[in-house]
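Chemist: My structure file data_36.cif, mmCIF, C-alpha atoms, is below:
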```cif
data_input
loop_
_atom_site.label_atom_id
_atom_site.label_comp_id
_atom_site.auth_asym_id
_atom_site.auth_seq_id
_atom_site.Cartn_x
_atom_site.Cartn_y
_atom_site.Cartn_z
CA MET A 85 -17.57 -12.01 22.04
CA LYS A 86 -17.30 -15.06 19.79
CA LEU A 87 -14.99 -15.22 16.78
CA GLU A 88 -15.59 -17.79 14.09
CA VAL A 89 -12.79 -20.23 13.35
CA THR A 90 -12.37 -21.43 9.78
CA ASN A 91 -12.95 -25.07 10.78
CA GLY A 92 -16.53 -24.24 11.79
CA SER A 93 -16.00 -23.81 15.54
CA SER A 94 -15.70 -20.55 17.48
CA VAL A 95 -13.46 -19.04 20.12
CA ASP A 96 -14.52 -16.80 23.02
CA VAL A 97 -12.57 -13.57 23.45
CA SER A 98 -12.92 -10.58 25.75
CA ASP A 99 -15.11 -7.67 24.65
CA SER A 100 -12.88 -5.24 26.54
CA THR A 101 -9.86 -6.38 24.51
CA PHE A 102 -11.32 -7.00 21.06
CA GLY A 103 -14.29 -4.64 21.17
CA ARG A 104 -12.59 -1.29 21.72
CA GLU A 105 -13.31 1.84 19.72
CA TYR A 106 -10.61 2.73 17.22
CA ASN A 107 -8.25 5.32 18.69
CA GLU A 108 -6.60 6.73 15.58
CA ALA A 109 -4.38 9.22 17.43
CA LEU A 110 -2.97 6.57 19.76
CA VAL A 111 -2.39 4.08 16.93
CA HIS A 112 -0.61 6.78 14.92
CA GLN A 113 1.64 7.58 17.88
CA VAL A 114 2.58 3.91 18.39
CA VAL A 115 3.20 3.33 14.68
CA THR A 116 5.36 6.46 14.47
CA ALA A 117 7.35 5.39 17.54
CA TYR A 118 7.87 1.90 16.08
CA GLN A 119 9.16 3.29 12.78
CA ALA A 120 11.36 5.84 14.57
CA GLY A 121 12.92 3.04 16.60
CA GLY A 122 14.03 1.41 13.36
CA ARG A 123 16.10 4.40 12.25
CA ALA A 124 19.84 3.86 12.50
CA GLY A 125 20.74 7.41 13.52
CA THR A 126 24.37 6.82 12.54
CA LYS A 127 24.77 9.83 10.23
CA ALA A 128 27.90 11.77 11.23
CA HIS A 129 30.23 14.47 9.89
CA LYS A 130 33.48 15.83 11.27
CA ASN A 131 33.52 19.33 12.67
CA ARG A 132 36.68 21.48 12.86
CA SER A 133 37.79 19.82 16.11
CA ALA A 134 37.47 16.29 14.68
CA VAL A 135 39.47 16.67 11.46
CA SER A 136 43.22 16.08 11.60
CA GLY A 137 45.86 18.79 11.16
CA GLY A 138 45.63 22.51 11.59
CA GLY A 139 47.72 22.70 14.71
CA ALA A 140 49.96 25.56 13.62
CA LYS A 141 48.89 29.03 12.56
CA PRO A 142 49.38 29.00 8.73
CA TRP A 143 51.00 32.47 8.58
CA ARG A 144 51.64 35.43 10.85
CA GLN A 145 48.78 37.67 11.80
CA LYS A 146 49.91 40.83 10.01
CA GLY A 147 52.03 41.93 7.11
CA THR A 148 51.33 39.27 4.49
CA GLY A 149 48.43 40.99 2.72
CA ARG A 150 46.31 37.93 3.18
CA ALA A 151 43.33 37.48 5.45
CA ARG A 152 44.19 36.53 8.99
CA ALA A 153 43.91 32.80 9.70
CA GLY A 154 44.45 30.74 12.81
CA THR A 155 43.97 27.24 11.39
CA THR A 156 43.87 25.42 8.08
CA ARG A 157 41.00 23.24 9.19
CA GLY A 158 38.21 25.84 9.42
CA PRO A 159 34.98 25.30 7.46
CA ILE A 160 36.05 27.58 4.59
CA TRP A 161 39.25 25.63 3.96
CA ARG A 162 39.68 22.58 1.77
CA SER A 163 39.73 19.46 4.03
CA GLY A 164 38.33 21.59 6.84
CA GLY A 165 35.58 20.60 9.22
CA LYS A 166 31.88 20.94 8.44
CA THR A 167 30.10 23.96 9.90
CA PHE A 168 26.99 22.25 11.25
CA ALA A 169 28.22 18.68 11.53
CA ALA A 170 25.66 15.92 11.93
CA THR A 171 26.19 13.75 14.98
CA PRO A 172 24.88 10.24 15.79
CA ARG A 173 21.50 10.41 17.51
CA ASP A 174 18.85 8.17 18.98
CA PHE A 175 15.43 8.52 17.32
CA SER A 176 13.61 6.12 19.64
CA GLN A 177 10.47 7.34 21.40
CA LYS A 178 9.15 6.15 24.74
CA ILE A 179 5.73 4.51 24.72
CA ASN A 180 4.16 3.43 28.01
CA LYS A 181 3.13 -0.23 28.26
CA LYS A 182 -0.46 0.74 28.94
CA MET A 183 -0.55 2.88 25.79
CA LEU A 184 1.06 0.12 23.74
CA ARG A 185 -1.47 -2.48 24.88
CA ALA A 186 -4.35 -0.07 24.23
CA ALA A 187 -3.08 0.62 20.71
CA TYR A 188 -2.76 -3.09 19.86
CA SER A 189 -6.22 -3.72 21.31
CA SER A 190 -7.59 -0.90 19.18
CA ILE A 191 -5.98 -2.31 16.04
CA PHE A 192 -7.28 -5.86 16.63
CA SER A 193 -10.76 -4.51 17.35
CA GLU A 194 -10.76 -2.59 14.08
CA LEU A 195 -9.52 -5.66 12.19
CA ILE A 196 -12.48 -7.63 13.52
CA ARG A 197 -14.98 -4.87 12.65
CA SER A 198 -13.63 -4.57 9.11
CA GLU A 199 -13.60 -8.39 8.69
CA ARG A 200 -9.87 -8.43 8.02
CA LEU A 201 -9.05 -10.89 10.82
CA ARG A 202 -9.21 -14.62 10.06
CA VAL A 203 -8.91 -17.10 12.93
CA VAL A 204 -7.67 -20.60 12.02
CA ASP A 205 -7.19 -23.66 14.20
CA LYS A 206 -3.64 -24.00 12.87
CA PHE A 207 -1.54 -22.87 9.92
CA GLU A 208 1.16 -25.32 8.91
CA VAL A 209 2.80 -26.57 5.73
CA THR A 210 4.37 -30.00 5.44
CA GLN A 211 7.32 -28.86 3.34
CA PRO A 212 9.04 -25.55 2.62
CA LYS A 213 7.27 -24.72 -0.63
CA THR A 214 5.83 -21.34 -1.48
CA LYS A 215 3.16 -23.02 -3.59
CA ASP A 216 1.82 -24.90 -0.57
CA ALA A 217 1.62 -21.75 1.56
CA LEU A 218 -0.18 -19.86 -1.21
CA ALA A 219 -2.62 -22.75 -1.60
CA LYS A 220 -3.49 -22.54 2.10
CA LEU A 221 -4.04 -18.79 1.84
CA SER A 222 -6.17 -19.30 -1.27
CA ASP A 223 -8.37 -21.73 0.67
CA LEU A 224 -8.95 -18.93 3.20
CA GLY A 225 -9.81 -16.50 0.41
CA VAL A 226 -6.92 -14.14 1.16
CA GLU A 227 -3.86 -13.05 -0.78
CA SER A 228 -1.98 -10.36 1.15
CA ALA A 229 -1.73 -11.67 4.70
CA TYR A 230 0.11 -11.26 7.97
CA ILE A 231 0.21 -14.69 9.63
CA ILE A 232 0.52 -14.84 13.42
CA VAL A 233 1.29 -18.09 15.24
CA ALA A 234 1.63 -18.86 18.95
CA ALA A 235 4.96 -18.41 20.72
CA ASP A 236 7.43 -21.29 20.26
CA LYS A 237 5.07 -22.90 17.75
CA GLY A 238 6.54 -21.37 14.64
CA ASP A 239 6.83 -23.81 11.76
CA ASP A 240 10.20 -23.57 10.01
CA ASN A 241 8.59 -24.81 6.80
CA LEU A 242 6.07 -21.98 7.01
CA PHE A 243 8.74 -19.31 7.53
CA LEU A 244 10.75 -20.68 4.61
CA SER A 245 7.68 -20.91 2.37
CA VAL A 246 6.76 -17.23 2.57
CA ARG A 247 10.13 -15.52 3.00
CA ASN A 248 10.36 -14.55 -0.68
CA LEU A 249 6.82 -13.13 -0.81
CA SER A 250 6.52 -9.37 -0.31
CA TYR A 251 2.78 -9.54 0.38
CA VAL A 252 2.91 -12.30 3.02
CA ASP A 253 4.72 -12.31 6.36
CA VAL A 254 4.83 -14.62 9.39
CA ASP A 255 5.55 -13.81 13.03
CA GLU A 256 5.22 -15.41 16.40
CA ILE A 257 3.42 -13.48 19.15
CA GLY A 258 6.65 -11.92 20.41
CA GLY A 259 7.42 -10.46 16.98
CA ILE A 260 4.15 -8.80 16.02
CA ASN A 261 4.29 -5.09 15.27
CA PRO A 262 1.69 -2.40 14.58
CA VAL A 263 2.95 -1.61 11.07
CA SER A 264 2.43 -5.17 9.81
CA LEU A 265 -0.98 -5.41 11.46
CA ILE A 266 -2.12 -2.35 9.52
CA LYS A 267 -0.20 -2.84 6.27
CA PHE A 268 -1.46 -6.23 5.12
CA GLU A 269 -4.92 -6.74 3.68
CA HIS A 270 -5.73 -9.57 6.10
CA VAL A 271 -4.37 -10.89 9.39
CA VAL A 272 -4.47 -14.67 9.79
CA ILE A 273 -4.04 -15.77 13.41
CA THR A 274 -4.16 -19.22 14.98
CA GLU A 275 -6.56 -20.06 17.78
CA ASP A 276 -3.70 -20.53 20.26
CA ALA A 277 -2.15 -17.22 19.23
CA ILE A 278 -5.31 -15.16 19.72
CA LYS A 279 -5.60 -16.54 23.25
CA GLU A 280 -2.02 -15.44 23.92
CA VAL A 281 -2.79 -11.99 22.47
CA GLU A 282 -5.81 -11.67 24.74
CA GLN A 283 -3.75 -12.65 27.79
CA TRP A 284 -1.03 -10.16 26.86
CA LEU A 285 -3.41 -7.25 26.26
CA GLN A 286 -5.44 -7.64 29.46
#
```
Have the structure of the file written as structure tokens, please.
Modeler:
Amino acid sequence: MKLEVTNGSSVDVSDSTFGREYNEALVHQVVTAYQAGGRAGTKAHKNRSAVSGGGAKPWRQKGTGRARAGTTRGPIWRSGGKTFAATPRDFSQKINKKMLRAAYSSIFSELIRSERLRVVDKFEVTQPKTKDALAKLSDLGVESAYIIVAADKGDDNLFLSVRNLSYVDVDEIGGINPVSLIKFEHVVITEDAIKEVEQWLQ
């Protein structure tokens, strides 16, 4: 399969990697797992064993006319523990590497079919100015874009230029995620980066 590069050339990529059928169920599972992994899971309450006090029986068992009580830190007491206390938990889900690669391959294949993937020879700005980055995107005919560059070739000026734009994001190969690939209107990827993606997904 040949993908056109914006400078007029083309790049050869594997049909098995970038020509897959779209597996919606698998992509949904990977996206859900990615979002679940971002949850903090730090919500916590104190149950009756975690709150302080309540060591002594507040009054004798019989003869007072009041209801029997063994502690002042039960759930029905002021400053008592919570009945069904929330505890910290891990929301992360396990995704096999083979499933993850298949999901990414499915997403990239769908981006190509829907003409949402733009391959460029390079994407750099000479100075950290948002205006310059937007001008480059305008030349490509895109507005909302997820820009992917090769590993260790990230341009600091580029990262600084788009950091205050909600509809543009930049990542190196190691930082790409399924949510960003799906969320943005277009994905702009450099020629070096798409070769790295192909090598990673094979």
Chemist: In terms of the shortest atom-to-atom distance over all atoms listed in the file, which of A:Thr148, A:Asp96, A:Gly103, A:Asn131 is closest to Arg197 (chain A)?
Modeler: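 Counting all atoms listed in the file, the residue closest to Arg197 (chain A) is A:Gly103.
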Chemist: Any chance you could work out the residue set of the PyMOL selection byres ((chain A and resi 216-221) around 12) here, as JSON, numbers by chain?
Modeler: {"A": [90, 202, 204, 206, 207, 208, 209, 210, 211, 212, 213, 214, 215, 222, 223, 224, 225, 226, 227, 228, 229, 230, 231, 239, 241, 242, 243, 244, 245, 246, 247, 248, 249, 251, 252, 253, 254, 270, 271, 272, 273]}
Chemist: Step by step, work through what the PyMOL selection byres ((chain A and resi 130) around 10) selects in the shown file, and finish by giving those residues as a CSV table (one decimal) with C-alpha atoms, in the frame of the given file.
Modeler:
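Result file is out_19.csv:
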```
chain,number,residue,atom,x,y,z
A,128,ALA,CA,27.9,11.8,11.2
A,129,HIS,CA,30.2,14.5,9.9
A,131,ASN,CA,33.5,19.3,12.7
A,132,ARG,CA,36.7,21.5,12.9
A,133,SER,CA,37.8,19.8,16.1
A,134,ALA,CA,37.5,16.3,14.7
A,135,VAL,CA,39.5,16.7,11.5
A,136,SER,CA,43.2,16.1,11.6
A,164,GLY,CA,38.3,21.6,6.8
A,165,GLY,CA,35.6,20.6,9.2
A,166,LYS,CA,31.9,20.9,8.4
A,167,THR,CA,30.1,24.0,9.9
A,168,PHE,CA,27.0,22.2,11.2
A,169,ALA,CA,28.2,18.7,11.5
A,170,ALA,CA,25.7,15.9,11.9
A,171,THR,CA,26.2,13.8,15.0
```
Chemist: My list of candidates is A:Thr155, A:Ser100, A:Ser264, A:Ser198. Which is closest to Gly137 (chain A) when distances are computed with only C-alpha atoms?
Modeler: A:Thr155
Chemist: How many Å lie between CA of Tyr106 (chain A) and CA of Ala234 (chain A), rounded to one decimal?
Modeler: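 About the pair CA of Tyr106 (chain A) and CA of Ala234 (chain A): they are 24.9 Å apart.
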Chemist: Report as a ChimeraX atom specification the residues that result from applying the PyMOL selection byres ((chain A and resi 115-125) around 12) to the structure here.
Modeler: /A:108-114,126-128,170-180,183-184,187-188,191,260-267
Chemist: What does the distance between CA of Asp255 (chain A) and CA of Val233 (chain A) come to in Å, to one decimal place?
Modeler: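 Here the two named atoms are 6.4 Å from each other.
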Chemist: Please report the interatomic distance between CA of Gln286 (chain A) and CA of Ser93 (chain A) in Å with one decimal.
Modeler: 23.8 Å
Chemist: Nearest to Asp236 (chain A) among A:Val97, A:Arg144, A:Leu201, A:Glu280, with distances taken over all atoms listed in the file: which residue is it?
Modeler: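 The answer is A:Glu280, which sits nearest to Asp236 (chain A).
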Chemist: Could you work out an axis-aligned bounding box for all listed atoms of region 255-262 of chain A, with 5 Å added on each of the six sides, and give its centre and edge lengths in Å to one decimal, as AutoDock Vina command-line options?
Modeler:
```
--center_x 4.6 --center_y -8.9 --center_z 16.7 --size_x 15.7 --size_y 23.0 --size_z 17.4
```
Chemist: Of the residues A:Leu87, A:Ala277, A:Val95, A:Ala140, which is the one nearest to Leu195 (chain A), using all atoms listed in the file?
Modeler: A:Leu87
Chemist: Under the rule that all atoms listed in the file are counted, which of A:Val281, A:Asn91, A:Gly158, A:Asn107 is the nearest residue to Gly258 (chain A)?
Modeler: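 Using all atoms listed in the file, Gly258 (chain A) sits closest to A:Val281.
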